[in-house]
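Before any comments, here is the structure.
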Amino acid sequence: KPKSGLISFNSALSQEKCRVAKPPPAAMLAFKDPSGADLVGRKILYNWEGVGWCVGTITSRNLNKRNTVGGDPLNFFVHYQLDNDTSSHNLELEQYRSGPTAPENSWVLLEEVAAPAKIPAPVPAEIPAPEPSEAAAVADAPLADVPMADAPALTETPAAEPSAAEPSPAEPSPAEPSPAEPSP
């Protein structure tokens with residue numbers, strides 16, 4: 001169980017916009033192995049006793065076998081933002097653990113989380129502006145002269161009553177025979 005008052009793993013991780021990286025190959029952590037140079041510049045989280053999880057940056061490898069921790073040669077120097085100090089470490093895979101229940105002296109490499117790719121907004125189709133002479137003609141025209149293509153009528157006009165001079169469509173004209181009458 002994490003001790004209260006210490007910097008929590010989740011708090012330290014969220015401040016960095018990073019995620020825990022896969023553990024490095026064992027060779028990268030071996031004293032004087034040249035592949036360890038690939039870790040220089042990488043960020044780590046280290047779980048300090050009495051402090052909690054702190055962000056650090058691996059600044060260099062140790063190449064001097066006299067620099068030791070617990071009899072083992074150091075492998076890296078790490079600068080910590082919290083106290084603006086560089087500490088010596090013997091980072092080992094056995095201590096590569098993360099999360100709120102990881103024991104003290106645990107550590108992990110961090111990797112940046114890529115920002116989501118921004119999808120560009122669609123570009124609207126370009127509609128050509130009317131020629132100045134066309135725009136002026138439409139603006140100066142009386143409203144009745146402006147074409148209203150496919151525009152619905154705004155009011156309904158009542159149908160005209162048939163006049164006495166015009167035969168009603170229901171009544172046959174005198175020149176036409178009635179459908180009921182036989183033709184001669």
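Just remember, in the structure tokens the first chain shown is A, the second B, etc., residues are 1-based per chain, and ligands are 1-based in the order shown.
The set of residues in range 11-84 of chain A assigned to helix (DSSP H, G or I) by DSSP, using only backbone atoms of this structure, is Ser11, Ala12, Leu13, Ser14, Ala26, Ala27, Met28, Leu29, Pro34, Ser35, Gly36, Ala37, Asp38 and Leu39 of chain A.
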Limited to all heavy atoms, could you put the picked residues into a file as a tab-separated table (two decimals), in the first residue's frame?
chain	number	residue	atom	x	y	z
A	11	SER	N	0.12	10.55	-10.22
A	11	SER	CA	0.31	12.00	-10.21
A	11	SER	C	1.59	12.37	-10.98
A	11	SER	O	1.58	13.27	-11.81
A	11	SER	CB	0.39	12.51	-8.78
A	11	SER	OG	0.74	13.87	-8.76
A	12	ALA	N	2.67	11.66	-10.72
A	12	ALA	CA	3.94	11.96	-11.39
A	12	ALA	C	3.83	11.68	-12.89
A	12	ALA	O	4.31	12.47	-13.71
A	12	ALA	CB	5.06	11.14	-10.78
A	13	LEU	N	3.17	10.59	-13.25
A	13	LEU	CA	3.05	10.22	-14.66
A	13	LEU	C	2.17	11.21	-15.43
A	13	LEU	O	2.49	11.61	-16.54
A	13	LEU	CB	2.48	8.80	-14.78
A	13	LEU	CG	2.41	8.21	-16.18
A	13	LEU	CD1	3.80	8.09	-16.79
A	13	LEU	CD2	1.73	6.85	-16.14
A	14	SER	N	1.08	11.65	-14.81
A	14	SER	CA	0.15	12.54	-15.51
A	14	SER	C	0.76	13.91	-15.78
A	14	SER	O	0.38	14.58	-16.74
A	14	SER	CB	-1.16	12.69	-14.72
A	14	SER	OG	-0.92	13.39	-13.52
A	26	ALA	N	18.42	-6.04	-21.35
A	26	ALA	CA	19.38	-6.12	-20.24
A	26	ALA	C	20.75	-5.55	-20.63
A	26	ALA	O	21.42	-4.92	-19.81
A	26	ALA	CB	19.50	-7.56	-19.77
A	27	ALA	N	21.16	-5.74	-21.87
A	27	ALA	CA	22.48	-5.25	-22.31
A	27	ALA	C	22.60	-3.74	-22.14
A	27	ALA	O	23.67	-3.23	-21.81
A	27	ALA	CB	22.72	-5.65	-23.76
A	28	MET	N	21.50	-3.00	-22.35
A	28	MET	CA	21.55	-1.53	-22.21
A	28	MET	C	21.86	-1.09	-20.78
A	28	MET	O	22.33	0.01	-20.57
A	28	MET	CB	20.22	-0.91	-22.65
A	28	MET	CG	20.03	-0.84	-24.13
A	28	MET	SD	18.53	0.10	-24.48
A	28	MET	CE	18.75	0.40	-26.21
A	29	LEU	N	21.57	-1.95	-19.82
A	29	LEU	CA	21.79	-1.60	-18.41
A	29	LEU	C	23.14	-2.11	-17.89
A	29	LEU	O	23.54	-1.77	-16.78
A	29	LEU	CB	20.66	-2.17	-17.55
A	29	LEU	CG	19.25	-1.68	-17.92
A	29	LEU	CD1	18.20	-2.36	-17.06
A	29	LEU	CD2	19.14	-0.18	-17.80
A	34	PRO	N	28.06	-0.33	-24.69
A	34	PRO	CA	27.82	0.83	-25.55
A	34	PRO	C	26.35	1.07	-25.88
A	34	PRO	O	25.96	2.20	-26.15
A	34	PRO	CB	28.62	0.54	-26.82
A	34	PRO	CG	29.33	-0.75	-26.62
A	34	PRO	CD	28.95	-1.32	-25.31
A	35	SER	N	25.53	0.02	-25.86
A	35	SER	CA	24.11	0.21	-26.18
A	35	SER	C	23.39	1.06	-25.12
A	35	SER	O	22.33	1.63	-25.39
A	35	SER	CB	23.39	-1.13	-26.35
A	35	SER	OG	23.36	-1.84	-25.14
A	36	GLY	N	23.99	1.19	-23.94
A	36	GLY	CA	23.42	2.04	-22.89
A	36	GLY	C	23.36	3.51	-23.29
A	36	GLY	O	22.56	4.28	-22.75
A	37	ALA	N	24.16	3.89	-24.27
A	37	ALA	CA	24.14	5.27	-24.76
A	37	ALA	C	22.76	5.64	-25.31
A	37	ALA	O	22.38	6.82	-25.31
A	37	ALA	CB	25.22	5.47	-25.81
A	38	ASP	N	22.00	4.64	-25.78
A	38	ASP	CA	20.66	4.91	-26.32
A	38	ASP	C	19.68	5.38	-25.24
A	38	ASP	O	18.63	5.93	-25.57
A	38	ASP	CB	20.09	3.66	-27.00
A	38	ASP	CG	20.83	3.32	-28.29
A	38	ASP	OD1	21.56	4.20	-28.82
A	38	ASP	OD2	20.70	2.18	-28.75
A	39	LEU	N	20.01	5.15	-23.98
A	39	LEU	CA	19.13	5.59	-22.89
A	39	LEU	C	19.42	7.02	-22.43
A	39	LEU	O	18.59	7.63	-21.76
A	39	LEU	CB	19.22	4.63	-21.70
A	39	LEU	CG	18.73	3.20	-21.97
A	39	LEU	CD1	18.96	2.33	-20.74
A	39	LEU	CD2	17.27	3.22	-22.36
Checklist entry - Near range 86-88 of chain A, counting only C-alpha atoms, which residues have an atom at most 9 Å away, once you skip same-chain residues fewer than 6 positions from it, shown as a PyMOL selection string? => result chain A and resi 56+59+62+67-69+74-80
Checklist entry - What is the distance, in Å and to one decimal place, between CA of Pro23 in chain A and CA of Asn84 in chain A? => result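 It comes out at 25.6 Å.
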Checklist entry - Can you tell me, as a PyMOL selection string, what residues are no more than 6 Å from range 41-45 of chain A when counting only C-alpha atoms, ignoring any on the same chain fewer than 5 positions away? => result chain A and resi 54-59+107-110
Go ahead and save the picked residues with all heavy atoms, as a PDB file, in the first residue's frame.
ATOM      1  N   CYS A  54       9.406  10.313  -8.755  1.00  0.00           N
ATOM      2  CA  CYS A  54       9.953  11.558  -9.284  1.00  0.00           C
ATOM      3  C   CYS A  54      10.415  11.350 -10.723  1.00  0.00           C
ATOM      4  O   CYS A  54      10.942  10.295 -11.073  1.00  0.00           O
ATOM      5  CB  CYS A  54      11.153  12.021  -8.455  1.00  0.00           C
ATOM      6  SG  CYS A  54      10.719  12.405  -6.749  1.00  0.00           S
ATOM      7  N   VAL A  55      10.245  12.390 -11.525  1.00  0.00           N
ATOM      8  CA  VAL A  55      10.679  12.368 -12.918  1.00  0.00           C
ATOM      9  C   VAL A  55      12.144  12.769 -12.985  1.00  0.00           C
ATOM     10  O   VAL A  55      12.559  13.745 -12.356  1.00  0.00           O
ATOM     11  CB  VAL A  55       9.833  13.341 -13.763  1.00  0.00           C
ATOM     12  CG1 VAL A  55      10.340  13.388 -15.203  1.00  0.00           C
ATOM     13  CG2 VAL A  55       8.375  12.960 -13.725  1.00  0.00           C
ATOM     14  N   GLY A  56      12.902  12.012 -13.755  1.00  0.00           N
ATOM     15  CA  GLY A  56      14.301  12.338 -13.974  1.00  0.00           C
ATOM     16  C   GLY A  56      14.679  12.099 -15.414  1.00  0.00           C
ATOM     17  O   GLY A  56      13.958  11.421 -16.151  1.00  0.00           O
ATOM     18  N   THR A  57      15.819  12.649 -15.809  1.00  0.00           N
ATOM     19  CA  THR A  57      16.336  12.461 -17.159  1.00  0.00           C
ATOM     20  C   THR A  57      17.723  11.850 -17.060  1.00  0.00           C
ATOM     21  O   THR A  57      18.587  12.365 -16.331  1.00  0.00           O
ATOM     22  CB  THR A  57      16.414  13.805 -17.912  1.00  0.00           C
ATOM     23  OG1 THR A  57      15.112  14.389 -17.930  1.00  0.00           O
ATOM     24  CG2 THR A  57      16.891  13.603 -19.348  1.00  0.00           C
ATOM     25  N   ILE A  58      17.936  10.746 -17.764  1.00  0.00           N
ATOM     26  CA  ILE A  58      19.255  10.115 -17.775  1.00  0.00           C
ATOM     27  C   ILE A  58      20.192  11.053 -18.538  1.00  0.00           C
ATOM     28  O   ILE A  58      19.975  11.345 -19.711  1.00  0.00           O
ATOM     29  CB  ILE A  58      19.203   8.723 -18.446  1.00  0.00           C
ATOM     30  CG1 ILE A  58      18.255   7.800 -17.667  1.00  0.00           C
ATOM     31  CG2 ILE A  58      20.602   8.115 -18.556  1.00  0.00           C
ATOM     32  CD1 ILE A  58      17.999   6.453 -18.335  1.00  0.00           C
ATOM     33  N   THR A  59      21.210  11.552 -17.834  1.00  0.00           N
ATOM     34  CA  THR A  59      22.113  12.535 -18.442  1.00  0.00           C
ATOM     35  C   THR A  59      23.379  11.908 -19.004  1.00  0.00           C
ATOM     36  O   THR A  59      23.948  12.438 -19.965  1.00  0.00           O
ATOM     37  CB  THR A  59      22.501  13.619 -17.429  1.00  0.00           C
ATOM     38  OG1 THR A  59      23.085  12.992 -16.277  1.00  0.00           O
ATOM     39  CG2 THR A  59      21.281  14.433 -17.012  1.00  0.00           C
ATOM     40  N   TRP A 107      11.717   1.661 -10.741  1.00  0.00           N
ATOM     41  CA  TRP A 107      11.890   2.671 -11.775  1.00  0.00           C
ATOM     42  C   TRP A 107      11.266   2.183 -13.075  1.00  0.00           C
ATOM     43  O   TRP A 107      11.062   0.985 -13.268  1.00  0.00           O
ATOM     44  CB  TRP A 107      13.368   2.990 -11.981  1.00  0.00           C
ATOM     45  CG  TRP A 107      14.131   1.860 -12.633  1.00  0.00           C
ATOM     46  CD1 TRP A 107      14.562   0.707 -12.041  1.00  0.00           C
ATOM     47  CD2 TRP A 107      14.505   1.774 -14.002  1.00  0.00           C
ATOM     48  NE1 TRP A 107      15.192  -0.092 -12.948  1.00  0.00           N
ATOM     49  CE2 TRP A 107      15.175   0.539 -14.171  1.00  0.00           C
ATOM     50  CE3 TRP A 107      14.345   2.605 -15.094  1.00  0.00           C
ATOM     51  CZ2 TRP A 107      15.686   0.128 -15.395  1.00  0.00           C
ATOM     52  CZ3 TRP A 107      14.858   2.194 -16.317  1.00  0.00           C
ATOM     53  CH2 TRP A 107      15.515   0.971 -16.457  1.00  0.00           C
ATOM     54  N   VAL A 108      10.974   3.127 -13.957  1.00  0.00           N
ATOM     55  CA  VAL A 108      10.470   2.815 -15.295  1.00  0.00           C
ATOM     56  C   VAL A 108      10.961   3.875 -16.273  1.00  0.00           C
ATOM     57  O   VAL A 108      11.187   5.025 -15.899  1.00  0.00           O
ATOM     58  CB  VAL A 108       8.922   2.750 -15.363  1.00  0.00           C
ATOM     59  CG1 VAL A 108       8.381   1.557 -14.615  1.00  0.00           C
ATOM     60  CG2 VAL A 108       8.278   4.033 -14.891  1.00  0.00           C
ATOM     61  N   LEU A 109      11.123   3.462 -17.507  1.00  0.00           N
ATOM     62  CA  LEU A 109      11.387   4.410 -18.594  1.00  0.00           C
ATOM     63  C   LEU A 109      10.065   5.011 -19.029  1.00  0.00           C
ATOM     64  O   LEU A 109       9.024   4.344 -18.961  1.00  0.00           O
ATOM     65  CB  LEU A 109      11.998   3.687 -19.804  1.00  0.00           C
ATOM     66  CG  LEU A 109      13.481   3.373 -19.771  1.00  0.00           C
ATOM     67  CD1 LEU A 109      13.848   2.484 -20.966  1.00  0.00           C
ATOM     68  CD2 LEU A 109      14.314   4.637 -19.789  1.00  0.00           C
ATOM     69  N   LEU A 110      10.115   6.236 -19.490  1.00  0.00           N
ATOM     70  CA  LEU A 110       8.919   6.894 -20.013  1.00  0.00           C
ATOM     71  C   LEU A 110       9.077   7.125 -21.509  1.00  0.00           C
ATOM     72  O   LEU A 110      10.188   7.264 -22.010  1.00  0.00           O
ATOM     73  CB  LEU A 110       8.694   8.237 -19.315  1.00  0.00           C
ATOM     74  CG  LEU A 110       8.466   8.184 -17.807  1.00  0.00           C
ATOM     75  CD1 LEU A 110       8.313   9.597 -17.256  1.00  0.00           C
ATOM     76  CD2 LEU A 110       7.256   7.345 -17.472  1.00  0.00           C
TER      77      LEU A 110
END
Checklist entry - Which residue, A:Ala21, A:Leu82, A:Ser60, A:Phe31, has the smallest gap to Arg97 in chain A when you use only C-alpha atoms? => result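 Distance minimum relative to Arg97 in chain A lands on A:Ala21.
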Checklist entry - If you measure from CA of Gly99 in chain A to CA of Ala30 in chain A, what distance in Å do you get, rounded to one decimal? => result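 CA of Ala30 in chain A lies 24.9 Å from CA of Gly99 in chain A.
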Next on the checklist: If I take CA of Asp85 in chain A and CA of Ala102 in chain A, how far is one from the other in Å, to one decimal?
Outcome noted: 23.5 Å
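Those residues in range 61-126 of chain A carrying a DSSP assignment of strand (DSSP E), computed from the backbone, are Arg61, Thr68, Val69, Asp72, Pro73, Phe76, Phe77, Val78, His79, Tyr80, Asp85, Thr86, Ser87, Ser88, His89, Trp107, Val108, Leu109, Leu110, Glu111 and Glu112 of chain A.
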File of the preceding selection, C-alpha atoms, as a PDB file, in the first residue's frame:
ATOM      1  CA  ARG A  61      26.493   6.683 -18.462  1.00  0.00           C
ATOM      2  CA  THR A  68      29.604   1.993  -7.130  1.00  0.00           C
ATOM      3  CA  VAL A  69      26.346   1.517  -5.253  1.00  0.00           C
ATOM      4  CA  ASP A  72      28.036  -2.760  -7.988  1.00  0.00           C
ATOM      5  CA  PRO A  73      29.299  -0.217 -10.499  1.00  0.00           C
ATOM      6  CA  PHE A  76      23.743   5.954 -15.133  1.00  0.00           C
ATOM      7  CA  PHE A  77      23.524   9.482 -13.795  1.00  0.00           C
ATOM      8  CA  VAL A  78      19.998  10.915 -13.622  1.00  0.00           C
ATOM      9  CA  HIS A  79      19.010  14.548 -13.153  1.00  0.00           C
ATOM     10  CA  TYR A  80      15.796  15.119 -11.155  1.00  0.00           C
ATOM     11  CA  ASP A  85      20.140  17.509  -8.553  1.00  0.00           C
ATOM     12  CA  THR A  86      21.890  14.673 -10.375  1.00  0.00           C
ATOM     13  CA  SER A  87      21.923  11.267  -8.692  1.00  0.00           C
ATOM     14  CA  SER A  88      23.923   8.150  -9.453  1.00  0.00           C
ATOM     15  CA  HIS A  89      22.039   4.920 -10.129  1.00  0.00           C
ATOM     16  CA  TRP A 107      11.890   2.671 -11.775  1.00  0.00           C
ATOM     17  CA  VAL A 108      10.470   2.815 -15.295  1.00  0.00           C
ATOM     18  CA  LEU A 109      11.387   4.410 -18.594  1.00  0.00           C
ATOM     19  CA  LEU A 110       8.919   6.894 -20.013  1.00  0.00           C
ATOM     20  CA  GLU A 111       7.932   7.548 -23.587  1.00  0.00           C
ATOM     21  CA  GLU A 112       6.015  10.511 -24.897  1.00  0.00           C
TER      22      GLU A 112
END
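Using only C-alpha atoms for every distance, the candidate list A:Val40, A:Leu91, A:Val20, A:Val51 yields A:Val51 as the residue closest to Ile7 in chain A.
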